[in-house]
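Coordinates from coords_1.txt are shown below (compact mmCIF, C-alpha atoms).
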```txt
# COMPACT_ATOMS: atom_id res chain seq x y z
CA MET U 1 73.93 97.46 14.53
CA SER U 2 75.85 98.49 17.66
CA SER U 3 76.66 96.02 20.39
CA THR U 4 74.75 98.24 22.84
CA ASP U 5 71.51 97.80 20.86
CA VAL U 6 71.92 94.04 21.09
CA GLN U 7 72.77 94.23 24.79
CA ILE U 8 69.57 96.16 25.50
CA GLU U 9 67.50 93.44 23.85
CA ASN U 10 69.44 90.71 25.65
CA ILE U 11 68.67 92.36 28.98
CA ILE U 12 64.93 92.83 28.47
CA LEU U 13 64.61 89.23 27.26
CA ALA U 14 66.36 87.82 30.33
CA HIS U 15 64.52 85.24 32.50
CA SER U 16 62.37 84.30 29.50
CA SER U 17 59.69 81.74 30.34
CA ARG U 18 57.05 82.26 27.62
CA GLY U 19 59.10 81.99 24.45
CA MET U 20 59.73 85.64 23.65
CA ASP U 21 63.46 85.05 23.33
CA ALA U 22 62.73 82.48 20.60
CA LEU U 23 60.51 84.99 18.76
CA ARG U 24 63.37 87.46 18.57
CA LYS U 25 64.50 85.97 15.26
CA GLY U 26 61.26 87.22 13.71
CA LEU U 27 62.25 90.85 14.34
CA SER U 28 65.16 92.83 12.97
CA GLN U 29 67.75 93.64 15.62
CA GLY U 30 67.61 97.13 17.06
CA TYR U 31 63.88 97.29 17.67
CA CYS U 32 64.31 99.23 20.93
CA LYS U 33 66.45 101.81 19.18
CA ARG U 34 63.97 102.13 16.31
CA ALA U 35 61.08 102.58 18.76
CA ALA U 36 63.13 105.21 20.60
CA HIS U 37 63.66 107.11 17.35
CA LEU U 38 59.93 107.05 16.63
CA MET U 39 59.23 108.52 20.06
CA LEU U 40 61.89 111.20 19.72
CA ASN U 41 60.94 112.17 16.16
CA ASN U 42 57.14 112.30 16.52
CA LYS U 43 56.57 114.87 19.22
CA GLY U 44 53.13 116.11 20.12
CA VAL U 45 50.08 114.25 21.39
CA VAL U 46 51.05 110.68 22.27
CA LEU U 47 48.27 108.20 23.03
CA ILE U 48 49.19 105.40 25.43
CA GLY U 49 46.89 102.42 25.87
CA THR U 50 47.49 100.08 28.79
CA GLY U 51 45.74 97.88 31.33
CA PHE U 52 45.29 94.19 30.49
CA PRO U 53 41.98 93.16 32.11
CA VAL U 54 41.91 90.45 34.75
CA GLY U 55 38.22 90.07 35.51
CA ASN U 56 37.07 93.41 36.87
CA SER U 57 40.65 94.38 37.70
CA PHE U 58 43.85 94.88 35.69
CA GLU U 59 47.35 93.51 35.80
CA THR U 60 50.50 95.29 36.99
CA ASP U 61 52.46 94.52 33.84
CA GLY U 62 51.74 97.33 31.43
CA PRO U 63 50.65 100.19 33.70
CA ILE U 64 54.01 100.35 35.51
CA GLY U 65 55.85 100.75 32.23
CA ALA U 66 53.16 103.00 30.76
CA ILE U 67 53.29 105.45 33.68
CA SER U 68 57.09 105.46 33.51
CA LEU U 69 56.94 106.20 29.79
CA TYR U 70 54.29 108.90 30.30
CA LYS U 71 56.63 110.75 32.67
CA VAL U 72 59.55 110.47 30.26
CA LEU U 73 57.54 111.68 27.26
CA GLU U 74 56.08 114.55 29.26
CA SER U 75 59.58 115.65 30.28
CA LEU U 76 60.48 115.73 26.57
CA LYS U 77 57.72 118.29 25.89
CA ASN U 78 55.11 115.89 24.56
CA ARG U 79 51.47 115.70 25.59
CA PRO U 80 50.92 112.07 26.59
CA ILE U 81 47.35 110.88 27.12
CA PHE U 82 46.28 107.53 28.55
CA VAL U 83 43.49 105.97 26.49
CA CYS U 84 41.77 103.15 28.36
CA ALA U 85 38.57 101.86 29.88
CA PRO U 86 37.41 101.48 33.49
CA PRO U 87 38.56 100.54 36.02
CA ILE U 88 42.11 101.67 35.21
CA SER U 89 40.97 104.84 33.43
CA ARG U 90 39.36 106.10 36.66
CA ILE U 91 42.58 105.46 38.60
CA LEU U 92 44.93 107.05 36.06
CA SER U 93 42.70 110.09 35.55
CA ARG U 94 43.43 111.25 39.12
CA ASP U 95 47.03 112.06 38.22
CA PHE U 96 47.37 112.01 34.43
CA ASN U 97 45.70 113.20 31.23
CA THR U 98 43.26 110.42 30.41
CA TYR U 99 40.74 109.80 27.63
CA GLU U 100 38.25 107.14 28.64
CA ILE U 101 36.90 104.75 26.03
CA PRO U 102 34.00 102.50 27.00
CA ILE U 103 33.83 98.77 26.39
CA ARG U 104 31.58 98.33 23.36
CA THR U 105 31.31 96.08 20.33
CA TRP U 106 33.85 96.51 17.52
CA HIS U 107 31.25 98.27 15.34
CA GLU U 108 30.13 100.62 18.11
CA SER U 109 33.72 101.33 19.13
CA LYS U 110 34.78 102.32 15.62
CA SER U 111 32.77 105.54 15.57
CA LEU U 112 33.96 106.36 19.11
CA VAL U 113 37.58 105.92 18.08
CA GLU U 114 37.08 107.95 14.89
CA THR U 115 35.79 110.79 17.06
CA ALA U 116 38.72 110.43 19.46
CA VAL U 117 41.30 110.47 16.64
CA ALA U 118 39.73 113.56 15.07
CA SER U 119 39.67 115.33 18.42
CA LEU U 120 43.07 114.31 19.82
CA LYS U 121 45.09 114.40 16.56
CA PRO U 122 47.87 112.09 17.81
CA SER U 123 51.42 112.22 16.49
CA LEU U 124 52.14 108.75 17.92
CA VAL U 125 50.06 105.83 19.24
CA ILE U 126 51.53 103.40 21.77
CA SER U 127 50.20 100.22 23.36
CA VAL U 128 51.82 98.79 26.49
CA GLU U 129 50.46 95.31 27.21
CA ARG U 130 46.94 95.73 25.83
CA PRO U 131 45.00 92.66 24.63
CA GLY U 132 44.82 92.49 20.86
CA VAL U 133 41.97 91.10 18.84
CA ALA U 134 42.32 87.53 17.55
CA GLU U 135 41.42 86.29 14.07
CA ASP U 136 37.90 85.36 15.25
CA GLY U 137 37.21 88.90 16.47
CA ARG U 138 37.48 87.96 20.14
CA TYR U 139 40.06 88.70 22.86
CA TYR U 140 41.90 86.05 24.88
CA ASN U 141 44.28 85.87 27.83
CA MET U 142 47.35 83.62 28.13
CA TRP U 143 45.17 80.67 29.18
CA LYS U 144 43.01 81.04 26.03
CA GLU U 145 40.09 82.31 28.13
CA ASP U 146 37.73 84.67 26.32
CA ILE U 147 38.00 88.15 27.91
CA THR U 148 36.10 90.07 25.22
CA GLU U 149 33.52 91.41 27.67
CA TYR U 150 36.31 93.21 29.55
CA ALA U 151 38.30 94.49 26.54
CA ALA U 152 38.03 97.97 25.09
CA LYS U 153 38.88 97.99 21.38
CA TYR U 154 42.12 99.98 21.51
CA ASP U 155 43.26 98.10 18.36
CA LEU U 156 41.10 100.52 16.39
CA PHE U 157 43.54 103.35 17.08
CA PHE U 158 46.19 101.27 15.31
CA GLU U 159 43.81 100.67 12.43
CA LEU U 160 42.48 104.21 12.03
CA CYS U 161 45.42 106.47 12.90
CA THR U 162 47.80 107.60 10.15
CA CYS U 163 50.63 108.37 12.58
CA PRO U 164 53.35 105.86 13.60
CA THR U 165 52.42 103.11 16.07
CA ILE U 166 54.48 101.22 18.67
CA ALA U 167 53.40 98.21 20.72
CA PHE U 168 54.93 96.37 23.67
CA GLY U 169 54.10 92.71 24.31
CA ASP U 170 55.39 89.61 26.04
CA GLY U 171 53.03 86.74 25.28
CA GLY U 172 51.60 86.89 21.77
CA ASN U 173 48.02 87.92 22.55
CA GLU U 174 48.76 91.64 22.78
CA ILE U 175 48.27 94.48 20.30
CA GLY U 176 51.19 94.53 17.86
CA MET U 177 51.84 90.81 17.91
CA GLY U 178 50.28 90.50 14.47
CA ASN U 179 53.79 91.41 13.25
CA LEU U 180 54.86 87.91 14.34
CA ASN U 181 51.84 85.89 13.17
CA ARG U 182 53.92 83.20 11.48
CA GLU U 183 56.20 82.69 14.49
CA LEU U 184 53.29 82.71 16.94
CA SER U 185 51.48 79.94 15.07
CA HIS U 186 53.78 77.45 16.81
CA MET U 187 52.85 78.64 20.33
CA SER U 188 50.04 77.37 22.53
CA ILE U 189 48.10 80.64 22.59
CA ILE U 190 45.38 82.40 20.63
CA PRO U 191 47.45 85.22 19.12
CA SER U 192 46.48 88.75 18.30
CA ILE U 193 46.41 89.75 14.64
CA THR U 194 46.76 93.52 15.27
CA LYS U 195 49.94 94.90 13.71
CA CYS U 196 52.05 97.96 14.46
CA ASP U 197 54.93 99.89 12.90
CA GLU U 198 57.41 98.88 15.61
CA LEU U 199 56.97 95.92 17.95
CA VAL U 200 58.98 95.68 21.17
CA ILE U 201 59.06 92.23 22.77
CA ALA U 202 60.40 91.46 26.22
CA THR U 203 60.03 88.87 28.97
CA VAL U 204 57.77 91.39 30.73
CA SER U 205 56.25 94.26 28.75
CA ASN U 206 57.32 96.78 31.39
CA TRP U 207 60.91 95.70 30.74
CA GLY U 208 60.44 96.42 27.05
CA VAL U 209 59.53 100.00 27.98
CA TYR U 210 62.71 100.23 30.03
CA GLY U 211 64.70 99.03 27.02
CA VAL U 212 63.32 101.83 24.87
CA ILE U 213 63.93 104.37 27.64
CA ALA U 214 67.57 103.17 27.76
CA ALA U 215 67.82 103.69 23.99
CA MET U 216 66.32 107.19 24.30
CA SER U 217 68.72 108.00 27.15
CA LEU U 218 71.70 107.03 24.99
CA GLU U 219 70.36 109.07 22.08
CA LEU U 220 69.84 112.19 24.21
CA GLY U 221 72.86 111.81 26.47
CA LYS U 222 70.55 112.01 29.49
CA ASP U 223 69.61 109.43 32.14
CA LEU U 224 65.84 109.32 31.75
CA PHE U 225 65.51 106.60 34.41
CA LYS U 226 65.80 109.33 37.03
CA LEU U 227 62.34 110.55 36.08
CA PHE U 228 60.35 107.67 37.59
CA ASP U 229 60.31 105.09 40.38
CA PRO U 230 58.79 101.74 39.31
CA ALA U 231 58.55 100.48 42.90
CA GLU U 232 56.54 103.52 43.91
CA ILE U 233 54.29 103.14 40.85
CA ALA U 234 53.77 99.45 41.64
CA ASN U 235 52.78 100.25 45.22
CA HIS U 236 50.30 102.86 44.02
CA LEU U 237 48.69 100.43 41.58
CA LEU U 238 48.52 97.70 44.21
CA GLU U 239 46.72 100.07 46.55
CA ASN U 240 44.21 100.70 43.77
CA GLY U 241 43.32 97.11 42.96
CA SER U 242 45.92 95.78 40.53
CA VAL U 243 46.86 92.10 40.44
CA ASP U 244 49.75 90.08 39.05
CA GLY U 245 48.68 88.85 35.60
CA VAL U 246 50.28 85.42 36.08
CA THR U 247 49.64 84.61 39.75
CA LEU U 248 46.31 86.54 39.78
CA ARG U 249 47.16 87.69 43.29
CA ALA U 250 47.19 91.25 44.63
CA GLU U 251 50.92 91.42 45.21
CA ASN U 252 53.86 93.64 44.42
CA SER U 253 55.04 91.74 41.36
CA GLU U 254 54.73 91.67 37.57
CA ASP U 255 54.03 88.52 35.56
CA GLY U 256 55.15 86.38 38.49
CA PHE U 257 58.42 88.26 38.99
CA PRO U 258 58.97 90.29 42.19
CA ILE U 259 59.34 94.00 41.48
CA SER U 260 62.97 93.66 42.56
CA VAL U 261 63.66 91.69 39.35
CA GLY U 262 62.34 94.55 37.22
CA LEU U 263 64.50 96.96 39.19
CA SER U 264 67.53 94.75 38.49
CA ILE U 265 66.71 94.96 34.77
CA ILE U 266 66.79 98.76 35.02
CA LEU U 267 70.09 98.59 36.89
CA ARG U 268 71.62 96.50 34.09
CA LEU U 269 70.27 98.89 31.45
CA ARG U 270 71.61 101.92 33.30
CA GLU U 271 75.03 100.30 33.39
CA LEU U 272 75.05 100.67 29.60
CA LEU U 273 74.88 104.46 29.99
CA PRO U 274 78.15 106.39 30.36
CA GLU U 275 78.97 107.03 34.01
CA THR U 276 78.90 110.76 33.35
CA MET U 277 75.21 110.41 32.53
CA ARG U 278 74.41 108.35 35.59
CA ASN U 279 76.46 110.48 37.98
CA PRO U 280 76.79 113.95 36.47
```

What do you get writing this file as structure tokens?
Amino acid sequence: MSSTDVQIENIILAHSSRGMDALRKGLSQGYCKRAAHLMLNNKGVVLIGTGFPVGNSFETDGPIGAISLYKVLESLKNRPIFVCAPPISRILSRDFNTYEIPIRTWHESKSLVETAVASLKPSLVISVERPGVAEDGRYYNMWKEDITEYAAKYDLFFELCTCPTIAFGDGGNEIGMGNLNRELSHMSIIPSITKCDELVIATVSNWGVYGVIAAMSLELGKDLFKLFDPAEIANHLLENGSVDGVTLRAENSEDGFPISVGLSIILRLRELLPETMRNP
């Protein structure tokens, strides 16, 4: 394990306030690098689920990272497709390839997802801060409030697809956190049981995406951070109804952190890249 791999994970777990740094011991070191390898080695149609529901809106954490990742994957000759439900599906579809899935029961959703998988034929399935189903078949937010009526069953793509799966989470109730079920049993949440092939944890899920993009940049010898502007993405989402998932306010922040903090995380990650990559 290189020191750079560890540094990436240290950076994306900075400012931890919800226990993700403590959960790190449940994962093998190098998870960002392994996720990067999965992305680089499974080219083709990449499904990206995002948009954690907050009432009839959605939170900023998740979509900022998901849009950033979409742009990176597209530049690498993949065909990324956002898979999500309204309202975020309607917003993303204006600028990106989007496959809308309605909010239905688990049983009703299964046939819809089977059709989607057969049609889209994904080479990789990714979740960036999507709620994951709990053991009782319901969905919950960080305050243990039942949000099932707002949650599309994106977990089913992880259950039904035969391709590799990657999930990003920061609280324990997201898709992929089933990989840490034992560790999460000690936390005051209702955890998700949905598992994935590679789980990326971070203080903010968007930052986990940045960690994987740093790992891909190092692998390719190319500064992929130049392909997107998180502040611009955040402004666009705010104009279209997003809210901070922690403060529940319509503000330019993510999980209670000003966007400037996320930008500082990117700055620290970019400092791990050789200067010739940052300033060719």

* To do: Please provide as a PyMOL selection string all residues within 9 Å of Pro63 in chain U, with the sequence filter that same-chain residues fewer than 2 positions apart are discarded (counting all atoms listed in the file).
  => chain U and resi 49-52+58-61+65-68+88+128-129+206+233-234+237

* Structure fact -> Of U:Thr105, U:Ser3, U:Ser253, U:Ser205, the one nearest to Thr148 in chain U when counting all atoms listed in the file is U:Thr105

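Of the listed residues U:Ile126, U:Met277, U:Ala134, U:Met216, the one whose atoms come nearest to His37 in chain U is U:Met216, with distances taken using only C-alpha atoms.
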
* Find the spatial neighbours of Leu224 in chain U, counting all atoms listed in the file, within a cut-off of 8 Å - ignore same-chain residues fewer than 5 positions away - and output them as a PyMOL selection string. => chain U and resi 72+213-214+216-217

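Closest approach to Gly245 in chain U among U:Ile193, U:Met142, U:Leu269, U:Met177: U:Met142, based on all atoms listed in the file.
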
* May I ask which of the residues U:Pro191, U:Ile101, U:Tyr31, U:Pro122 is the closest one to Ile12 in chain U, counting only C-alpha atoms? => U:Tyr31

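Taking CA of Leu124 in chain U as the reference point, CA of Asn42 in chain U is found at 6.3 Å.
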
* Asked: Looking at only C-alpha atoms, which of U:Leu156, U:Val54, U:Leu227, U:Ala36 is the one that sits closest to Leu248 in chain U?
  -> U:Val54

* Structure fact -> Nearest to Ile81 in chain U, restricted to all atoms listed in the file and choosing among U:Gly44, U:Gly221, U:Pro102, U:Gly262, comes out as U:Gly44

* **All residues 12 Å or closer to Glu198 in chain U, all atoms listed in the file, same chain fewer than 6 positions away omitted, as number ranges by chain** => U: 27-39, 124-127, 158, 164-169, 175-180, 212

Mind writing range 39-147 of chain U to a file for me, with C-alpha atoms, as a PDB file, in the first residue's frame?
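Below is the file result20.pdb, written as the result:
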```pdb
ATOM      1  CA  MET U  39     -13.786   2.534 -13.133  1.00  0.00           C
ATOM      2  CA  LEU U  40     -10.777   2.419 -15.442  1.00  0.00           C
ATOM      3  CA  ASN U  41     -11.086  -1.298 -16.213  1.00  0.00           C
ATOM      4  CA  ASN U  42     -14.853  -1.525 -16.821  1.00  0.00           C
ATOM      5  CA  LYS U  43     -15.464   0.889 -19.655  1.00  0.00           C
ATOM      6  CA  GLY U  44     -18.803   1.181 -21.362  1.00  0.00           C
ATOM      7  CA  VAL U  45     -22.218   2.097 -19.992  1.00  0.00           C
ATOM      8  CA  VAL U  46     -21.843   3.345 -16.417  1.00  0.00           C
ATOM      9  CA  LEU U  47     -25.001   3.837 -14.355  1.00  0.00           C
ATOM     10  CA  ILE U  48     -24.792   6.528 -11.672  1.00  0.00           C
ATOM     11  CA  GLY U  49     -27.500   6.814  -9.027  1.00  0.00           C
ATOM     12  CA  THR U  50     -27.619   9.939  -6.888  1.00  0.00           C
ATOM     13  CA  GLY U  51     -29.981  12.326  -5.128  1.00  0.00           C
ATOM     14  CA  PHE U  52     -30.776  11.675  -1.460  1.00  0.00           C
ATOM     15  CA  PRO U  53     -34.388  12.837  -0.964  1.00  0.00           C
ATOM     16  CA  VAL U  54     -35.172  15.611   1.487  1.00  0.00           C
ATOM     17  CA  GLY U  55     -38.954  15.831   1.368  1.00  0.00           C
ATOM     18  CA  ASN U  56     -39.842  16.784  -2.186  1.00  0.00           C
ATOM     19  CA  SER U  57     -36.317  18.077  -2.799  1.00  0.00           C
ATOM     20  CA  PHE U  58     -32.827  16.545  -2.748  1.00  0.00           C
ATOM     21  CA  GLU U  59     -29.586  17.266  -0.985  1.00  0.00           C
ATOM     22  CA  THR U  60     -26.436  18.790  -2.474  1.00  0.00           C
ATOM     23  CA  ASP U  61     -24.169  16.027  -1.220  1.00  0.00           C
ATOM     24  CA  GLY U  62     -24.171  13.360  -3.892  1.00  0.00           C
ATOM     25  CA  PRO U  63     -25.191  15.245  -7.039  1.00  0.00           C
ATOM     26  CA  ILE U  64     -22.127  17.531  -6.951  1.00  0.00           C
ATOM     27  CA  GLY U  65     -19.811  14.540  -6.859  1.00  0.00           C
ATOM     28  CA  ALA U  66     -21.956  12.535  -9.279  1.00  0.00           C
ATOM     29  CA  ILE U  67     -21.927  15.276 -11.925  1.00  0.00           C
ATOM     30  CA  SER U  68     -18.168  15.683 -11.472  1.00  0.00           C
ATOM     31  CA  LEU U  69     -17.693  11.941 -11.919  1.00  0.00           C
ATOM     32  CA  TYR U  70     -20.019  11.867 -14.944  1.00  0.00           C
ATOM     33  CA  LYS U  71     -17.822  14.439 -16.693  1.00  0.00           C
ATOM     34  CA  VAL U  72     -14.652  12.515 -15.869  1.00  0.00           C
ATOM     35  CA  LEU U  73     -16.049   9.175 -17.058  1.00  0.00           C
ATOM     36  CA  GLU U  74     -17.396  10.738 -20.240  1.00  0.00           C
ATOM     37  CA  SER U  75     -13.955  12.200 -20.998  1.00  0.00           C
ATOM     38  CA  LEU U  76     -12.543   8.669 -20.664  1.00  0.00           C
ATOM     39  CA  LYS U  77     -14.833   7.422 -23.467  1.00  0.00           C
ATOM     40  CA  ASN U  78     -17.509   5.871 -21.279  1.00  0.00           C
ATOM     41  CA  ARG U  79     -21.255   6.357 -21.606  1.00  0.00           C
ATOM     42  CA  PRO U  80     -22.400   7.496 -18.163  1.00  0.00           C
ATOM     43  CA  ILE U  81     -26.139   7.564 -17.454  1.00  0.00           C
ATOM     44  CA  PHE U  82     -27.814   9.033 -14.386  1.00  0.00           C
ATOM     45  CA  VAL U  83     -30.464   6.690 -12.999  1.00  0.00           C
ATOM     46  CA  CYS U  84     -32.777   8.455 -10.567  1.00  0.00           C
ATOM     47  CA  ALA U  85     -36.306   9.561  -9.792  1.00  0.00           C
ATOM     48  CA  PRO U  86     -37.998  12.977  -9.849  1.00  0.00           C
ATOM     49  CA  PRO U  87     -37.339  15.702  -8.998  1.00  0.00           C
ATOM     50  CA  ILE U  88     -33.594  15.362  -9.631  1.00  0.00           C
ATOM     51  CA  SER U  89     -34.062  13.229 -12.754  1.00  0.00           C
ATOM     52  CA  ARG U  90     -35.931  16.089 -14.454  1.00  0.00           C
ATOM     53  CA  ILE U  91     -33.123  18.535 -13.611  1.00  0.00           C
ATOM     54  CA  LEU U  92     -30.254  16.271 -14.694  1.00  0.00           C
ATOM     55  CA  SER U  93     -31.989  15.240 -17.925  1.00  0.00           C
ATOM     56  CA  ARG U  94     -31.615  18.789 -19.282  1.00  0.00           C
ATOM     57  CA  ASP U  95     -27.858  18.385 -19.588  1.00  0.00           C
ATOM     58  CA  PHE U  96     -27.001  14.701 -19.178  1.00  0.00           C
ATOM     59  CA  ASN U  97     -28.029  11.220 -20.284  1.00  0.00           C
ATOM     60  CA  THR U  98     -30.675  10.224 -17.754  1.00  0.00           C
ATOM     61  CA  TYR U  99     -32.833   7.148 -17.204  1.00  0.00           C
ATOM     62  CA  GLU U 100     -35.767   7.942 -14.948  1.00  0.00           C
ATOM     63  CA  ILE U 101     -37.026   5.322 -12.528  1.00  0.00           C
ATOM     64  CA  PRO U 102     -40.301   5.997 -10.726  1.00  0.00           C
ATOM     65  CA  ILE U 103     -40.858   5.614  -7.001  1.00  0.00           C
ATOM     66  CA  ARG U 104     -42.705   2.315  -6.577  1.00  0.00           C
ATOM     67  CA  THR U 105     -42.830  -0.572  -4.127  1.00  0.00           C
ATOM     68  CA  TRP U 106     -39.889  -2.988  -4.024  1.00  0.00           C
ATOM     69  CA  HIS U 107     -41.904  -5.640  -5.884  1.00  0.00           C
ATOM     70  CA  GLU U 108     -43.099  -3.230  -8.572  1.00  0.00           C
ATOM     71  CA  SER U 109     -39.625  -1.738  -8.941  1.00  0.00           C
ATOM     72  CA  LYS U 110     -37.964  -5.108  -9.499  1.00  0.00           C
ATOM     73  CA  SER U 111     -39.513  -5.661 -12.917  1.00  0.00           C
ATOM     74  CA  LEU U 112     -38.736  -2.044 -13.888  1.00  0.00           C
ATOM     75  CA  VAL U 113     -35.092  -2.490 -12.943  1.00  0.00           C
ATOM     76  CA  GLU U 114     -34.877  -5.851 -14.743  1.00  0.00           C
ATOM     77  CA  THR U 115     -36.080  -4.087 -17.885  1.00  0.00           C
ATOM     78  CA  ALA U 116     -33.589  -1.256 -17.388  1.00  0.00           C
ATOM     79  CA  VAL U 117     -30.659  -3.650 -16.889  1.00  0.00           C
ATOM     80  CA  ALA U 118     -31.579  -5.641 -20.001  1.00  0.00           C
ATOM     81  CA  SER U 119     -31.876  -2.462 -22.033  1.00  0.00           C
ATOM     82  CA  LEU U 120     -28.872  -0.500 -20.742  1.00  0.00           C
ATOM     83  CA  LYS U 121     -26.423  -3.419 -20.321  1.00  0.00           C
ATOM     84  CA  PRO U 122     -24.166  -1.623 -17.817  1.00  0.00           C
ATOM     85  CA  SER U 123     -20.476  -2.397 -17.411  1.00  0.00           C
ATOM     86  CA  LEU U 124     -20.418  -0.660 -14.015  1.00  0.00           C
ATOM     87  CA  VAL U 125     -23.015   0.526 -11.482  1.00  0.00           C
ATOM     88  CA  ILE U 126     -22.238   3.401  -9.111  1.00  0.00           C
ATOM     89  CA  SER U 127     -24.177   4.981  -6.254  1.00  0.00           C
ATOM     90  CA  VAL U 128     -23.210   8.397  -4.910  1.00  0.00           C
ATOM     91  CA  GLU U 129     -25.100   9.133  -1.687  1.00  0.00           C
ATOM     92  CA  ARG U 130     -28.302   7.219  -2.398  1.00  0.00           C
ATOM     93  CA  PRO U 131     -30.433   5.950   0.508  1.00  0.00           C
ATOM     94  CA  GLY U 132     -30.101   2.214   0.972  1.00  0.00           C
ATOM     95  CA  VAL U 133     -32.800  -0.114   2.176  1.00  0.00           C
ATOM     96  CA  ALA U 134     -32.727  -1.105   5.857  1.00  0.00           C
ATOM     97  CA  GLU U 135     -33.287  -4.589   7.267  1.00  0.00           C
ATOM     98  CA  ASP U 136     -37.029  -3.892   7.682  1.00  0.00           C
ATOM     99  CA  GLY U 137     -37.416  -3.027   3.988  1.00  0.00           C
ATOM    100  CA  ARG U 138     -37.788   0.703   4.649  1.00  0.00           C
ATOM    101  CA  TYR U 139     -35.549   3.720   3.994  1.00  0.00           C
ATOM    102  CA  TYR U 140     -34.360   6.165   6.658  1.00  0.00           C
ATOM    103  CA  ASN U 141     -32.461   9.436   6.878  1.00  0.00           C
ATOM    104  CA  MET U 142     -29.780  10.342   9.443  1.00  0.00           C
ATOM    105  CA  TRP U 143     -32.447  11.245  12.011  1.00  0.00           C
ATOM    106  CA  LYS U 144     -34.083   7.788  11.657  1.00  0.00           C
ATOM    107  CA  GLU U 145     -37.073   9.338   9.883  1.00  0.00           C
ATOM    108  CA  ASP U 146     -38.832   7.048   7.417  1.00  0.00           C
ATOM    109  CA  ILE U 147     -38.350   8.432   3.877  1.00  0.00           C
TER     110      ILE U 147
END
```
